[in-house]
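Asks: Sharing a structure below in structure tokens format, with a few things to ask.
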Number of protein chains: 2
Amino acid sequence: MNKLPTTCYKGVRDFPPEKKRVHDFILDTMSKTCELFGYEKYDASVLEPTELYTTKASESEEIVNEQTYTFQDRGGRSVTLRPEMTPTVARMIAASKRELSFPVRWYSIPNCFRYERPQKGRLREFWQLNADLFGVEGLEAEIEVISLAYSIMKAFGAKDTDFEIRLNDRKFLQDIFDEFELSLKQRQQTMKLLDKRAKMPSEEFETELAKVIQEKTKALLAKLDTKSSTDRLDELKTKLAEIGITNVVIDTGTVRGFNYYTGVVFEIFDTNPENTRSLFGGGRYDDLASLFSNEKITGIGFGMGDVTIEEFLKARDLIPNFDSKTQVIIGLLNEKYLLEGFKVAQTLRDANISVEYQFIAKKPDNHIKRALKKKIPFVLFVGEKEIQTGKFTLKDLKAETQFELTEKEIMKFIAN
Amino acid sequence: MNKLPTTCYKGVRDFPPEKKRVHDFILDTMSKTCELFGYEKYDASVLEPTELYTTKASESEEIVNEQTYTFQDRGGRSVTLRPEMTPTVARMIAASKRELSFPVRWYSIPNCFRYERPQKGRLREFWQLNADLFGVEGLEAEIEVISLAYSIMKAFGAKDTDFEIRLNDRKFLQDIFDEFELSLKQRQQTMKLLDKRAKMPSEEFETELAKVIQEKTKALLAKLDTKSSTDRLDELKTKLAEIGITNVVIDTGTVRGFNYYTGVVFEIFDTNPENTRSLFGGGRYDDLASLFSNEKITGIGFGMGDVTIEEFLKARDLIPNFDSKTQVIIGLLNEKYLLEGFKVAQTLRDANISVEYQFIAKKPDNHIKRALKKKIPFVLFVGEKEIQTGKFTLKDLKAETQFELTEKEIMKFIAN
């Protein structure tokens with residue numbers, strides 16, 4: 001029979017234990033920091049009705065039309081693997097808004113799917129922290145959410161000089177768009193071009209923009225470029241500095257490509273001079289729940305992807321070397337005592353010590369070799385002598401010492 | 001504009017924070033117990049190539065043909081949302097078998113999808129603990145894996161009288177099938193009928209079985225029913241009893257409906273007399289990796305679904321009442337001190353205390369009301385007096401006491 005390949009589907013990842021540990025380190029650091037800020041975890045299915053994405057709730061038309069995994073279920077209903085979490089959280093907030101006590105602080109780290117050509121930093125499946133604060137109109141919300149984003153970077157071990165927080169206000173752009181009477185489509189296309197402006201030669205940028213807004217191009221750019229900040233952005237920057245967040249710049253070129261932002265937007269950039277690039281970002285939206293409800297629910301949040309951040313951490317050597325989560329190998333020396341070994345293992349487990357029981361009787365060195373390879377710090381032997389005397393040999397592989405201890409003494413020792 | 005419904009797709013679940021806490025309690029209890037046994041967590045994408053399920057690696061033909069979510073991606077490749085984890089783990093073990101040190105202990109709690117009519121205990125998306133031990137042929141492996149399953153039930157707070165472990169050996173059935181020279185198809189159909197035998201009137205069972213194996217029916221049943229155990233099962237039961245697991249019965253009627261088991265199978269039953277039913281189960285398989293490799297890799301494991309176990313826990317009142325994970329609300333009393341509040345919050349967070357900062361200035365009672373509603377045990381006020389004196393009022397809502405403390409004293413107090 002022909003054998004199947006052992007590879008996973010293109011653009012997604014397998015996580016065998018050594019990779020799962022790194023992934024969990026990233027996801028757990030995000031979770032832990034969100035919880036320090038009082039954000040509560042929520043979750044939902046990766047499978048959503050397609051209609052959730054065929055409307056303006058979604059990040060961009062490109063994603064919905066060309067990049068979703070969309071198909072019919074066996075009952076003929078169109079379903080989609082979520083390409084992002086925002087429409088889902090809007091749906092869930094709208095569903096329970098009567099019972100919620102606003103302000104609401106929620107976070108989730110869902111996996112999301114986009115059909116793209118896999119490349120460095122972009123995969124077909126990625127995990128993305130979504131942290132959102134709903135129901136606060138004032139600038140306090142911006143301060144808190146940016147401060148949360150900043151704290152996650154710090155929790156990963158990043159220094160202030162490793163990243164930069166760029167601020168802009170969509171409102172300021174919208175005012176200019178209003179003044180020049182741009183249509184909705186022109187606004188979206190202009191926004192998208194502005195998002196790419198820093199990466200384009202200025203002539204090409206102007207040519208492209210002229211295709212969208214014709215004769216208004218020069219005047220609009222003149223207007224845009226005279227203004228380098230707004231009162232609101234200045235206030236935000238000053239307040240962030242007062243609470244100790246100083247790696248912040250106001251950059252009217254930071255617009256973010258997504259449709260739903262209506263106010264302050266921010267983007268965290270890697271400051272690596274060889275590879276300045278956006279790591280993640282977010283912003284304020286004012287009518288995300290409008291798809292589901294006539295009531296307005298204001299919100300501000302951000303999304304932080306696992307792939308980009310892992311690359312950032314690797315480049316700066318910020319991923320720790322993990323020991324095994326298993327603390328002890330119990331190595332059986334004599335098969336006669338198989339069941340005694342199970343009992344010793346259980347005693348330690350009852351005391352919350354994690355134990356791998358190597359129940360195939362072997363020489364001590366074999367058990368030690370396995371512990372070293374698996375980075376398990378302790379080895380405990382179970383053999384004739386141990387069972388007769390009630391004293392077990394415990395080897396501490398890091399300190400390179402060994403002790404003869406009773407079960408009780410072992411538990412005390414490992415706990416310390 | 002017509003509003004979209006706020007409901008999720010049929011047969012899947014939303015997990016707003018209050019439901020997510022319950023779900024995490026279930027998944028974390030599984031994880032924690034697996035790790036006490038030295039099992040390492042792995043994960044993979046929910047999206048797999050369809051070919052992984054169109055072969056005998058899969059649980060049953062019914063699932064593959066009628067119950068999977070299968071579709072073509074935008075590149076024309078057939079993909080499937082995993083209906084179970086076993087083919088994936090077989091693929092991953094086969095992929096890395098050169099680097100692995102057997103025995104290998106792995107676990108995962110993937111979400112899985114099956115297109116079924118949603119009903120009590122059965123949803124279209126469920127999470128399922130998969131714990132497997134690879135590379136051990138001896139009965140030690142059965143002892144360990146059953147002991148892990150037992151320990152998870154105990155970790156959930158179940159008593160020995162709440163559940164029963166039923167053991168059987170597929171090998172013993174296979175021997176009888178060999179003797180009666182049943183074809184592969186007859187074996188599978190007979191197995192499936194045997195799995196349902198306890199729930200059918202015996203006459204109906206015999207009629208159905210006769211459709212499959214015709215004139216062999218009576219003789220085969222006679223053979224089957226004379227044997228109530230095997231040496232191997234007796235040995236297993238005795239050894240489990242010696243290490244303290246006594247709620248075990250040998251039941252040659254427990255066959256499990258899945259194709260890939262080749263040896264000992266076990267099933268954990270709820271002992272509720274009004275609703276005796278299978279909670280979960282597992283067994284030994286000998287050639288799971290054969291799809292990918294010519295080498296045999298023996299294994300034994302089990303799968304434990306979140307929906308069934310949650311119903312069991314609810315019925316026995318074993319789901320705790322959860323406090324918020326947030327420990328303190330900082331309530332702002334005077335908007336003048338907005339930034340000072342942010343700083344106090346950060347100081348506590350730096351000491352690993354989780355803080356929700358209620359930065360809209362309100363009267364103390366308003367902040368207390370919110371803390372009570374959200375089950376957050378402490379409230380700390382930030383106002384004129386606090387900032388001037390450096391002493392903050394901390395209310396302990398459980399003990400109904402309050403203190404005037406400095407920031408340092410607060411951290412000590414909450415840590416204890």
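Naming scheme: A, B, ... for chains in displayed order of the structure tokens; residues 1 onward per chain; ligands 1 onward as shown.
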For chain A, list the residues within 6 Å of chain B, counting only C-alpha atoms, and write the list as a compact mmCIF listing (two decimals) with C-alpha atoms, in the first residue's frame.

Replies:
# COMPACT_ATOMS: atom_id res chain seq x y z
CA LYS A 3 2.08 5.40 2.44
CA LEU A 4 0.56 8.78 3.26
CA THR A 6 3.39 12.75 7.40
CA TYR A 9 -1.76 20.79 5.39
CA ASP A 14 1.98 20.87 13.79
CA PHE A 15 2.94 21.50 17.39
CA PRO A 16 4.83 18.51 18.78
CA PRO A 17 5.68 19.05 22.47
CA LYS A 20 3.92 23.48 21.79
CA LEU A 36 -3.41 41.35 35.24
CA PHE A 37 -5.43 44.12 33.57
CA GLY A 38 -8.74 42.52 34.55
CA GLU A 40 -11.73 38.15 30.99
CA LYS A 41 -11.19 35.31 28.55
CA TYR A 42 -13.90 34.35 26.06
CA ASP A 43 -13.92 31.96 23.14
CA ALA A 44 -16.08 30.84 20.24
CA GLU A 48 -19.12 30.92 11.73
CA PRO A 49 -22.02 31.66 9.39
CA ARG A 91 -21.79 39.33 17.73
CA ALA A 95 -25.99 39.01 22.15
CA LEU A 291 -24.74 44.82 12.29
CA PHE A 292 -26.72 43.23 15.10
CA THR A 326 7.80 16.80 34.39
CA ARG A 349 1.34 13.00 42.23
CA SER A 354 4.62 15.56 38.19
CA VAL A 355 6.14 12.15 37.65
CA GLU A 356 7.00 10.07 34.63

Asks: Mind checking which residues fall within 12 Å of B:Phe177, counting only C-alpha atoms, ignoring those fewer than 2 positions away in the same chain, and posting them as a short mmCIF file (atom, residue, chain, number, x, y, z; two decimals) with C-alpha atoms, in the first residue's frame?

Replies:
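This is the output file result.cif:
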data_model
loop_
_atom_site.label_atom_id
_atom_site.label_comp_id
_atom_site.auth_asym_id
_atom_site.auth_seq_id
_atom_site.Cartn_x
_atom_site.Cartn_y
_atom_site.Cartn_z
CA ARG B 170 -10.51 -7.21 21.55
CA LYS B 171 -8.00 -9.97 21.07
CA PHE B 172 -10.42 -12.42 22.64
CA LEU B 173 -13.16 -11.35 20.19
CA GLN B 174 -10.72 -11.52 17.29
CA ASP B 175 -9.84 -15.08 18.26
CA GLU B 179 -12.36 -19.38 14.58
CA PHE B 180 -15.64 -18.62 12.77
CA GLU B 181 -13.75 -17.28 9.75
CA LEU B 182 -15.58 -13.97 9.57
CA SER B 183 -14.66 -11.52 6.82
CA LEU B 184 -13.34 -8.05 7.71
CA LYS B 185 -16.73 -6.52 6.97
CA GLN B 186 -18.55 -9.13 9.09
CA ARG B 187 -16.15 -8.44 11.95
CA GLN B 188 -16.79 -4.72 11.84
CA GLN B 189 -20.55 -5.13 11.67
CA THR B 190 -20.56 -7.74 14.42
CA MET B 191 -18.43 -5.44 16.57
CA ILE B 213 -23.21 -13.83 9.98
CA LYS B 216 -22.98 -18.90 12.50
CA THR B 217 -25.01 -16.73 14.87
CA ALA B 219 -22.68 -20.98 17.80
CA LEU B 220 -20.77 -17.71 17.93
CA LEU B 221 -22.99 -16.31 20.67
CA LYS B 223 -18.92 -19.27 22.44
CA LEU B 224 -18.93 -15.59 23.31
#

Asks: Quick one: DSSP strand (DSSP E or B) residues in stretch 71-261 of chain B, as a JSON list (two decimals) with C-alpha atoms, in the first residue's frame?

Replies:
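selection04.json, freshly written:
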[["chain", "number", "residue", "atom", "x", "y", "z"],
["B", 71, "PHE", "CA", -14.56, 20.85, 1.29],
["B", 72, "GLN", "CA", -12.15, 22.04, -1.36],
["B", 78, "SER", "CA", -9.76, 18.51, -0.42],
["B", 79, "VAL", "CA", -9.55, 19.36, 3.27],
["B", 80, "THR", "CA", -11.46, 18.22, 6.35],
["B", 81, "LEU", "CA", -12.10, 19.66, 9.79],
["B", 104, "VAL", "CA", 6.30, 8.49, 24.41],
["B", 105, "ARG", "CA", 3.54, 10.06, 26.49],
["B", 106, "TRP", "CA", 1.52, 12.71, 24.67],
["B", 107, "TYR", "CA", -1.77, 14.48, 25.25],
["B", 108, "SER", "CA", -3.85, 17.13, 23.54],
["B", 111, "ASN", "CA", -11.68, 20.70, 19.16],
["B", 112, "CYS", "CA", -13.24, 18.28, 16.67],
["B", 113, "PHE", "CA", -16.14, 18.63, 14.25],
["B", 119, "GLN", "CA", -28.84, 16.80, 20.69],
["B", 122, "ARG", "CA", -23.81, 15.58, 21.13],
["B", 125, "GLU", "CA", -18.05, 20.88, 17.74],
["B", 126, "PHE", "CA", -16.63, 19.31, 20.88],
["B", 127, "TRP", "CA", -13.29, 19.26, 22.64],
["B", 128, "GLN", "CA", -11.73, 15.90, 23.37],
["B", 129, "LEU", "CA", -8.81, 15.02, 25.58],
["B", 130, "ASN", "CA", -6.59, 12.51, 23.78],
["B", 131, "ALA", "CA", -3.98, 10.88, 26.00],
["B", 132, "ASP", "CA", -1.73, 8.22, 24.49],
["B", 133, "LEU", "CA", 1.24, 6.13, 25.52],
["B", 134, "PHE", "CA", 3.28, 4.82, 22.59],
["B", 163, "PHE", "CA", -18.25, 5.60, 37.94],
["B", 164, "GLU", "CA", -17.16, 2.15, 36.88],
["B", 165, "ILE", "CA", -14.34, 1.04, 34.62],
["B", 166, "ARG", "CA", -15.34, -1.77, 32.25],
["B", 167, "LEU", "CA", -12.62, -3.86, 30.66],
["B", 168, "ASN", "CA", -12.59, -6.14, 27.68],
["B", 169, "ASP", "CA", -10.01, -7.53, 25.28],
["B", 248, "VAL", "CA", -13.35, -2.13, 37.77],
["B", 249, "VAL", "CA", -15.41, -4.86, 36.13],
["B", 250, "ILE", "CA", -14.63, -7.22, 33.29]]
